[in-house]
file query_12.cif (mmCIF, C-alpha atoms)
data_work
#
loop_
_atom_site.label_atom_id
_atom_site.label_comp_id
_atom_site.auth_asym_id
_atom_site.auth_seq_id
_atom_site.Cartn_x
_atom_site.Cartn_y
_atom_site.Cartn_z
CA MET A 1460 -86.36 -42.88 -145.37
CA LEU A 1461 -86.88 -43.96 -148.96
CA ARG A 1462 -84.04 -46.46 -148.61
CA ILE A 1463 -85.65 -48.08 -145.57
CA ALA A 1464 -89.05 -48.14 -147.30
CA VAL A 1465 -87.59 -49.85 -150.37
CA ILE A 1466 -85.85 -52.46 -148.21
CA ILE A 1467 -89.07 -53.15 -146.26
CA ALA A 1468 -91.05 -53.41 -149.50
CA MET A 1469 -88.51 -55.84 -150.94
CA LEU A 1470 -88.86 -57.99 -147.82
CA MET A 1471 -92.65 -57.92 -148.19
CA PHE A 1472 -92.39 -58.93 -151.85
CA THR A 1473 -90.07 -61.75 -150.78
CA VAL A 1474 -92.73 -62.95 -148.34
CA SER A 1475 -95.26 -62.76 -151.18
CA VAL A 1476 -93.00 -64.83 -153.46
CA LEU A 1477 -92.53 -67.41 -150.71
CA LEU A 1478 -96.30 -67.71 -150.23
CA ASN A 1479 -96.69 -68.12 -153.98
CA LEU A 1480 -94.04 -70.86 -153.98
CA TYR A 1481 -95.86 -72.63 -151.14
CA ARG A 1482 -99.04 -72.66 -153.21
CA MET A 1483 -97.13 -73.79 -156.29
CA VAL A 1484 -95.60 -76.75 -154.44
CA ARG A 1485 -98.85 -77.68 -152.71
CA GLY A 1486 -101.35 -76.68 -155.39
CA PRO A 1487 -103.61 -79.65 -156.09
CA ASP A 1488 -104.27 -78.96 -159.76
CA LEU A 1489 -102.50 -77.68 -162.83
CA ALA A 1490 -104.65 -74.55 -162.89
CA ASP A 1491 -103.32 -73.52 -159.46
CA ARG A 1492 -99.76 -73.85 -160.69
CA ILE A 1493 -100.45 -71.73 -163.77
CA LEU A 1494 -102.09 -69.11 -161.54
CA THR A 1495 -99.07 -69.14 -159.24
CA LEU A 1496 -96.63 -68.71 -162.13
CA ASP A 1497 -98.71 -65.79 -163.40
CA SER A 1498 -98.58 -64.18 -159.97
CA LEU A 1499 -94.83 -64.85 -159.69
CA TYR A 1500 -93.90 -62.95 -162.83
CA VAL A 1501 -95.96 -59.95 -161.72
CA ASN A 1502 -94.07 -60.02 -158.41
CA ALA A 1503 -90.80 -60.22 -160.34
CA ILE A 1504 -91.72 -57.05 -162.26
CA ALA A 1505 -92.40 -55.22 -159.00
CA MET A 1506 -89.09 -56.38 -157.50
CA ILE A 1507 -87.17 -55.26 -160.59
CA ILE A 1508 -88.82 -51.81 -160.41
CA LEU A 1509 -87.91 -51.60 -156.71
CA LEU A 1510 -84.31 -52.52 -157.53
CA GLY A 1511 -84.30 -49.74 -160.12
CA ILE A 1512 -85.47 -47.23 -157.49
CA PHE A 1513 -82.91 -48.57 -155.01
CA LEU A 1514 -79.99 -48.21 -157.41
CA GLY A 1515 -81.29 -45.02 -159.01
CA SER A 1516 -80.99 -46.47 -162.50
CA THR A 1517 -83.48 -46.40 -165.36
CA LEU A 1518 -81.96 -49.40 -167.12
CA PHE A 1519 -84.38 -51.84 -165.53
CA PHE A 1520 -87.57 -50.75 -167.29
CA GLU A 1521 -86.78 -52.65 -170.46
CA ALA A 1522 -86.21 -55.81 -168.44
CA ALA A 1523 -89.54 -55.29 -166.65
CA MET A 1524 -91.32 -54.69 -169.96
CA LEU A 1525 -89.82 -57.86 -171.44
CA ILE A 1526 -90.82 -59.91 -168.39
CA ALA A 1527 -94.37 -58.54 -168.63
CA MET A 1528 -94.74 -59.46 -172.30
CA MET A 1529 -93.07 -62.86 -172.09
CA GLY A 1530 -94.95 -63.78 -168.91
CA PHE A 1531 -98.28 -63.04 -170.54
CA VAL A 1532 -97.32 -65.00 -173.64
CA GLY A 1533 -96.22 -67.94 -171.47
CA THR A 1534 -99.44 -67.97 -169.46
CA VAL A 1535 -101.58 -67.86 -172.60
CA ALA A 1536 -99.46 -70.58 -174.24
CA VAL A 1537 -99.78 -72.97 -171.29
CA CYS A 1538 -103.52 -72.28 -171.00
CA LYS A 1539 -104.04 -72.90 -174.73
CA TYR A 1540 -102.03 -76.11 -174.50
CA LEU A 1541 -104.16 -77.40 -171.65
CA LEU A 1542 -107.40 -76.31 -173.30
CA ARG A 1543 -106.88 -77.42 -176.87
CA GLY A 1544 -103.94 -79.81 -176.94
CA ASN A 1545 -101.70 -77.57 -178.99
CA ILE A 1546 -100.75 -73.91 -178.92
CA ILE A 1547 -101.18 -72.52 -182.42
CA GLU A 1548 -103.85 -74.27 -184.45
CA MET B 21 -79.96 -43.48 -154.76
CA ASN B 22 -79.38 -39.74 -154.40
CA SER B 23 -80.52 -38.01 -151.24
CA GLU B 24 -81.29 -34.48 -152.47
CA LEU B 25 -84.97 -35.16 -153.03
CA PRO B 26 -87.40 -33.06 -150.98
CA PHE B 27 -88.96 -34.68 -147.94
CA LEU B 28 -92.52 -34.61 -149.28
CA VAL B 29 -91.53 -36.47 -152.46
CA GLU B 30 -89.76 -39.14 -150.43
CA LEU B 31 -92.82 -39.45 -148.19
CA ILE B 32 -95.20 -39.90 -151.13
CA VAL B 33 -92.91 -42.40 -152.89
CA SER B 34 -92.45 -44.41 -149.69
CA ALA B 35 -96.20 -44.44 -149.07
CA PHE B 36 -96.88 -45.72 -152.59
CA ILE B 37 -94.16 -48.39 -152.33
CA LEU B 38 -95.38 -49.67 -148.98
CA THR B 39 -99.02 -49.66 -150.14
CA GLY B 40 -98.06 -51.68 -153.19
CA ALA B 41 -96.09 -54.19 -151.15
CA GLY B 42 -99.03 -54.51 -148.76
CA PHE B 43 -101.39 -55.25 -151.64
CA ALA B 44 -98.98 -57.87 -152.99
CA VAL B 45 -98.68 -59.57 -149.60
CA ILE B 46 -102.48 -59.59 -149.18
CA GLY B 47 -102.87 -61.14 -152.63
CA ALA B 48 -100.25 -63.81 -151.97
CA LEU B 49 -101.74 -64.56 -148.54
CA GLY B 50 -105.13 -65.08 -150.11
CA LEU B 51 -103.56 -67.24 -152.80
CA ALA B 52 -101.99 -69.41 -150.11
CA ARG B 53 -104.97 -69.56 -147.77
CA MET B 54 -108.14 -69.77 -149.91
CA PRO B 55 -109.64 -73.27 -150.06
CA ASP B 56 -110.66 -73.42 -153.71
CA PHE B 57 -109.34 -72.54 -157.15
CA TYR B 58 -112.38 -70.47 -158.00
CA MET B 59 -111.77 -68.35 -154.90
CA ARG B 60 -108.02 -68.29 -155.46
CA VAL B 61 -108.25 -66.92 -158.99
CA HIS B 62 -109.60 -63.59 -157.72
CA LEU B 63 -106.66 -62.65 -155.56
CA PRO B 64 -103.55 -62.37 -157.77
CA THR B 65 -105.44 -60.61 -160.52
CA ALA B 66 -106.72 -57.97 -158.13
CA GLY B 67 -104.17 -57.77 -155.34
CA THR B 68 -100.93 -58.29 -157.19
CA THR B 69 -101.91 -56.08 -160.12
CA LEU B 70 -102.81 -53.26 -157.73
CA GLY B 71 -99.52 -53.78 -155.92
CA VAL B 72 -97.52 -53.50 -159.10
CA GLY B 73 -99.61 -50.49 -160.13
CA CYS B 74 -98.78 -48.66 -156.89
CA THR B 75 -95.08 -49.53 -157.25
CA LEU B 76 -95.05 -48.22 -160.81
CA ILE B 77 -96.73 -44.95 -159.75
CA ALA B 78 -94.05 -44.58 -157.07
CA SER B 79 -91.38 -45.18 -159.72
CA VAL B 80 -92.92 -42.52 -161.99
CA ILE B 81 -92.87 -39.95 -159.18
CA TYR B 82 -89.34 -40.86 -158.06
CA PHE B 83 -87.73 -40.76 -161.48
CA SER B 84 -89.63 -37.63 -162.52
CA PHE B 85 -88.16 -35.77 -159.54
CA SER B 86 -84.78 -37.48 -159.65
CA LEU B 87 -84.04 -36.92 -163.35
CA GLN B 88 -85.89 -33.56 -163.54
CA THR B 89 -87.86 -34.78 -166.55
CA LEU B 90 -91.23 -36.44 -166.96
CA SER B 91 -90.54 -40.18 -166.95
CA LEU B 92 -93.42 -42.17 -168.37
CA HIS B 93 -91.84 -45.54 -169.23
CA GLU B 94 -93.62 -47.17 -166.32
CA PHE B 95 -97.08 -46.29 -167.55
CA LEU B 96 -96.36 -48.52 -170.54
CA ILE B 97 -95.74 -51.50 -168.22
CA SER B 98 -98.73 -50.73 -166.01
CA MET B 99 -101.08 -50.31 -168.99
CA PHE B 100 -99.82 -53.59 -170.42
CA LEU B 101 -100.36 -55.37 -167.09
CA PHE B 102 -103.82 -53.87 -166.60
CA ILE B 103 -104.86 -54.99 -170.08
CA THR B 104 -103.40 -58.50 -169.92
CA ALA B 105 -104.38 -59.44 -166.34
CA PRO B 106 -108.12 -60.00 -167.12
CA VAL B 107 -107.25 -61.92 -170.29
CA SER B 108 -104.93 -64.34 -168.51
CA SER B 109 -107.37 -64.66 -165.60
CA HIS B 110 -110.13 -65.57 -168.04
CA MET B 111 -107.90 -68.17 -169.70
CA MET B 112 -107.00 -69.73 -166.34
CA ALA B 113 -110.65 -69.88 -165.26
CA LYS B 114 -111.44 -71.58 -168.54
CA VAL B 115 -108.66 -74.10 -167.97
CA ALA B 116 -110.12 -74.79 -164.52
CA LEU B 117 -113.60 -75.32 -165.98
CA HIS B 118 -112.42 -77.64 -168.73
CA THR B 119 -110.02 -79.73 -166.68
CA GLY B 120 -112.53 -80.04 -163.83
CA VAL B 121 -110.72 -78.84 -160.72
CA ARG B 122 -112.06 -79.77 -157.31
CA TYR B 123 -114.10 -77.17 -155.48
CA VAL B 124 -115.53 -76.82 -151.98
CA SER B 125 -119.25 -77.13 -151.39
CA HIS B 126 -119.97 -73.46 -150.66
CA THR B 127 -118.59 -72.13 -153.93
CA GLN B 128 -121.31 -70.19 -155.72
CA GLY B 129 -122.55 -71.80 -158.93
CA ARG B 130 -121.61 -75.13 -160.43
CA PRO B 131 -119.36 -75.82 -163.40
CA TRP B 132 -121.00 -77.89 -166.10
CA PRO B 133 -119.31 -80.88 -167.76
CA SER B 134 -117.63 -79.84 -170.95
CA ARG B 135 -116.85 -81.61 -174.16
CA THR B 136 -113.16 -81.94 -173.40
CA GLN B 137 -113.98 -83.54 -170.09
CA ARG B 138 -115.55 -86.64 -171.68
CA PRO B 139 -113.85 -89.93 -170.85
CA SER B 140 -113.15 -90.62 -174.51
CA ARG B 141 -112.15 -87.62 -176.55
CA ASP B 142 -113.11 -89.23 -179.80
CA ASN B 143 -113.51 -86.65 -182.53
CA SER B 144 -115.17 -89.06 -184.93
CA GLN B 145 -118.36 -89.06 -182.84
CA ILE B 146 -118.55 -85.32 -183.16
CA LEU B 147 -117.76 -85.34 -186.85
CA THR B 148 -120.50 -87.87 -187.73
CA GLU B 149 -123.13 -85.43 -186.54
CA TRP B 150 -122.20 -82.98 -189.24
CA PRO B 151 -124.31 -82.91 -192.39
CA LYS B 152 -122.56 -84.48 -195.34
CA ARG B 153 -121.90 -82.36 -198.35
CA PRO B 154 -123.53 -83.76 -201.50
#
call {"tool": "encode", "arguments": {"input": "query_12.cif", "output": "structure tokens"}}
result
Amino acid sequence: MLRIAVIIAMLMFTVSVLLNLYRMVRGPDLADRILTLDSLYVNAIAMIILLGIFLGSTLFFEAAMLIAMMGFVGTVAVCKYLLRGNIIE
Amino acid sequence: MNSELPFLVELIVSAFILTGAGFAVIGALGLARMPDFYMRVHLPTAGTTLGVGCTLIASVIYFSFSLQTLSLHEFLISMFLFITAPVSSHMMAKVALHTGVRYVSHTQGRPWPSRTQRPSRDNSQILTEWPKRP
């Protein structure tokens, strides 16, 4: 039962990623695209955790932690670049 | 994936996983369907963060019962996400205010024109208003 639930949840996260990609392609402004990238890395973390449950391995938590930190740093860097013109003043 | 887990644990983990995936799909659907950036910025920060939170709780329960030890790595990720999601949401809303995104007419409140939105971003005009040091 857990196997089927993980597969269904992965399909639902795939649908979520596809909706995010639709908004990223169609998004009228830069702020929409930043928002979509922020949402995409959070979805990637969830999919990596689901893959870890599916394979029964605890090796994926470090990858998820790295994606969380680097995604946040990337979002803040792009926002600072758009706000101020450079990243570290 | 080992199959010697008790049925109740599998039921709880499956319920958490499916709830999290449902939250993520609702957030992404709102992100794709809302008409305005100021409405769109609510949905990933609430929906997707809750979805990842539910998935991480499911992972804590699964690995605690599967490895027979308390596994708390995931709380690190979920705490980090719950702290950084409002910060990044605030930065994106600020970017939207300062770059002047389009908004529909029934959005509550109106963004004001900011200094970076001026047609000429000439810093000398700002600097001449400062008092000169003797």
call {"tool": "closest_atom_pairs", "arguments": {"input": "query_12.cif", "of": "chain B", "to": "chain A", "cutoff": "6 Å", "atoms": "all atoms listed in the file", "output": "Markdown table"}}
result
| residue | atom | partner | partner_atom | distance |
| --- | --- | --- | --- | --- |
| B:Met21 | CA | A:Gly1515 | CA | 4.7 |
| B:Glu30 | CA | A:Leu1461 | CA | 5.8 |
| B:Ser34 | CA | A:Ala1464 | CA | 5.6 |
| B:Leu38 | CA | A:Ala1468 | CA | 5.7 |
| B:Ala41 | CA | A:Ala1468 | CA | 5.4 |
| B:Val45 | CA | A:Ser1475 | CA | 4.9 |
| B:Ala48 | CA | A:Ser1475 | CA | 5.2 |
| B:Ala52 | CA | A:Arg1482 | CA | 5.4 |
| B:Pro64 | CA | A:Ser1498 | CA | 5.7 |
| B:Val72 | CA | A:Ala1505 | CA | 5.4 |
| B:Ile97 | CA | A:Met1524 | CA | 5.7 |
| B:Val115 | CA | A:Leu1542 | CA | 5.9 |
| B:Ala116 | CA | A:Ala1490 | CA | 5.7 |
call {"tool": "resolve_selection", "arguments": {"input": "query_12.cif", "expression": "the PyMOL selection byres ((chain B and resi 36) around 10)", "output": "short mmCIF file (atom, residue, chain, number, x, y, z; two decimals) with C-alpha atoms, in the coordinates of the input"}}
result
data_model
loop_
_atom_site.label_atom_id
_atom_site.label_comp_id
_atom_site.auth_asym_id
_atom_site.auth_seq_id
_atom_site.Cartn_x
_atom_site.Cartn_y
_atom_site.Cartn_z
CA ALA A 1464 -89.05 -48.14 -147.30
CA GLU B 30 -89.76 -39.14 -150.43
CA LEU B 31 -92.82 -39.45 -148.19
CA ILE B 32 -95.20 -39.90 -151.13
CA VAL B 33 -92.91 -42.40 -152.89
CA SER B 34 -92.45 -44.41 -149.69
CA ALA B 35 -96.20 -44.44 -149.07
CA ILE B 37 -94.16 -48.39 -152.33
CA LEU B 38 -95.38 -49.67 -148.98
CA THR B 39 -99.02 -49.66 -150.14
CA GLY B 40 -98.06 -51.68 -153.19
CA ALA B 41 -96.09 -54.19 -151.15
CA GLY B 42 -99.03 -54.51 -148.76
CA GLY B 71 -99.52 -53.78 -155.92
CA GLY B 73 -99.61 -50.49 -160.13
CA CYS B 74 -98.78 -48.66 -156.89
CA THR B 75 -95.08 -49.53 -157.25
CA LEU B 76 -95.05 -48.22 -160.81
CA ILE B 77 -96.73 -44.95 -159.75
CA ALA B 78 -94.05 -44.58 -157.07
CA SER B 79 -91.38 -45.18 -159.72
CA ILE B 81 -92.87 -39.95 -159.18
#
call {"tool": "atom_distance", "arguments": {"input": "query_12.cif", "atom1": "atom CA of Phe102 of chain B", "atom2": "atom CA of Thr69 of chain B"}}
result
7.1 Å
call {"tool": "atom_distance", "arguments": {"input": "query_12.cif", "atom1": "atom CA of Gly67 of chain B", "atom2": "atom CA of Arg1492 of chain A"}}
result
17.5 Å
call {"tool": "residues_around", "arguments": {"input": "query_12.cif", "residues": "Leu25 of chain B", "least_positions_apart": "3", "cutoff": "9 Å", "atoms": "only C-alpha atoms", "output": "PyMOL selection string"}}
result
chain B and resi 22+28-30+82+85-86
call {"tool": "atom_distance", "arguments": {"input": "query_12.cif", "atom1": "atom CA of Phe43 of chain B", "atom2": "atom CA of Thr65 of chain B"}}
result
11.1 Å
call {"tool": "residues_around", "arguments": {"input": "query_12.cif", "residues": "His62 of chain B", "least_positions_apart": "2", "cutoff": "9 Å", "atoms": "only C-alpha atoms", "output": "VMD selection string"}}
result
chain B and resid 47 50 to 51 57 to 60 64 to 67 109
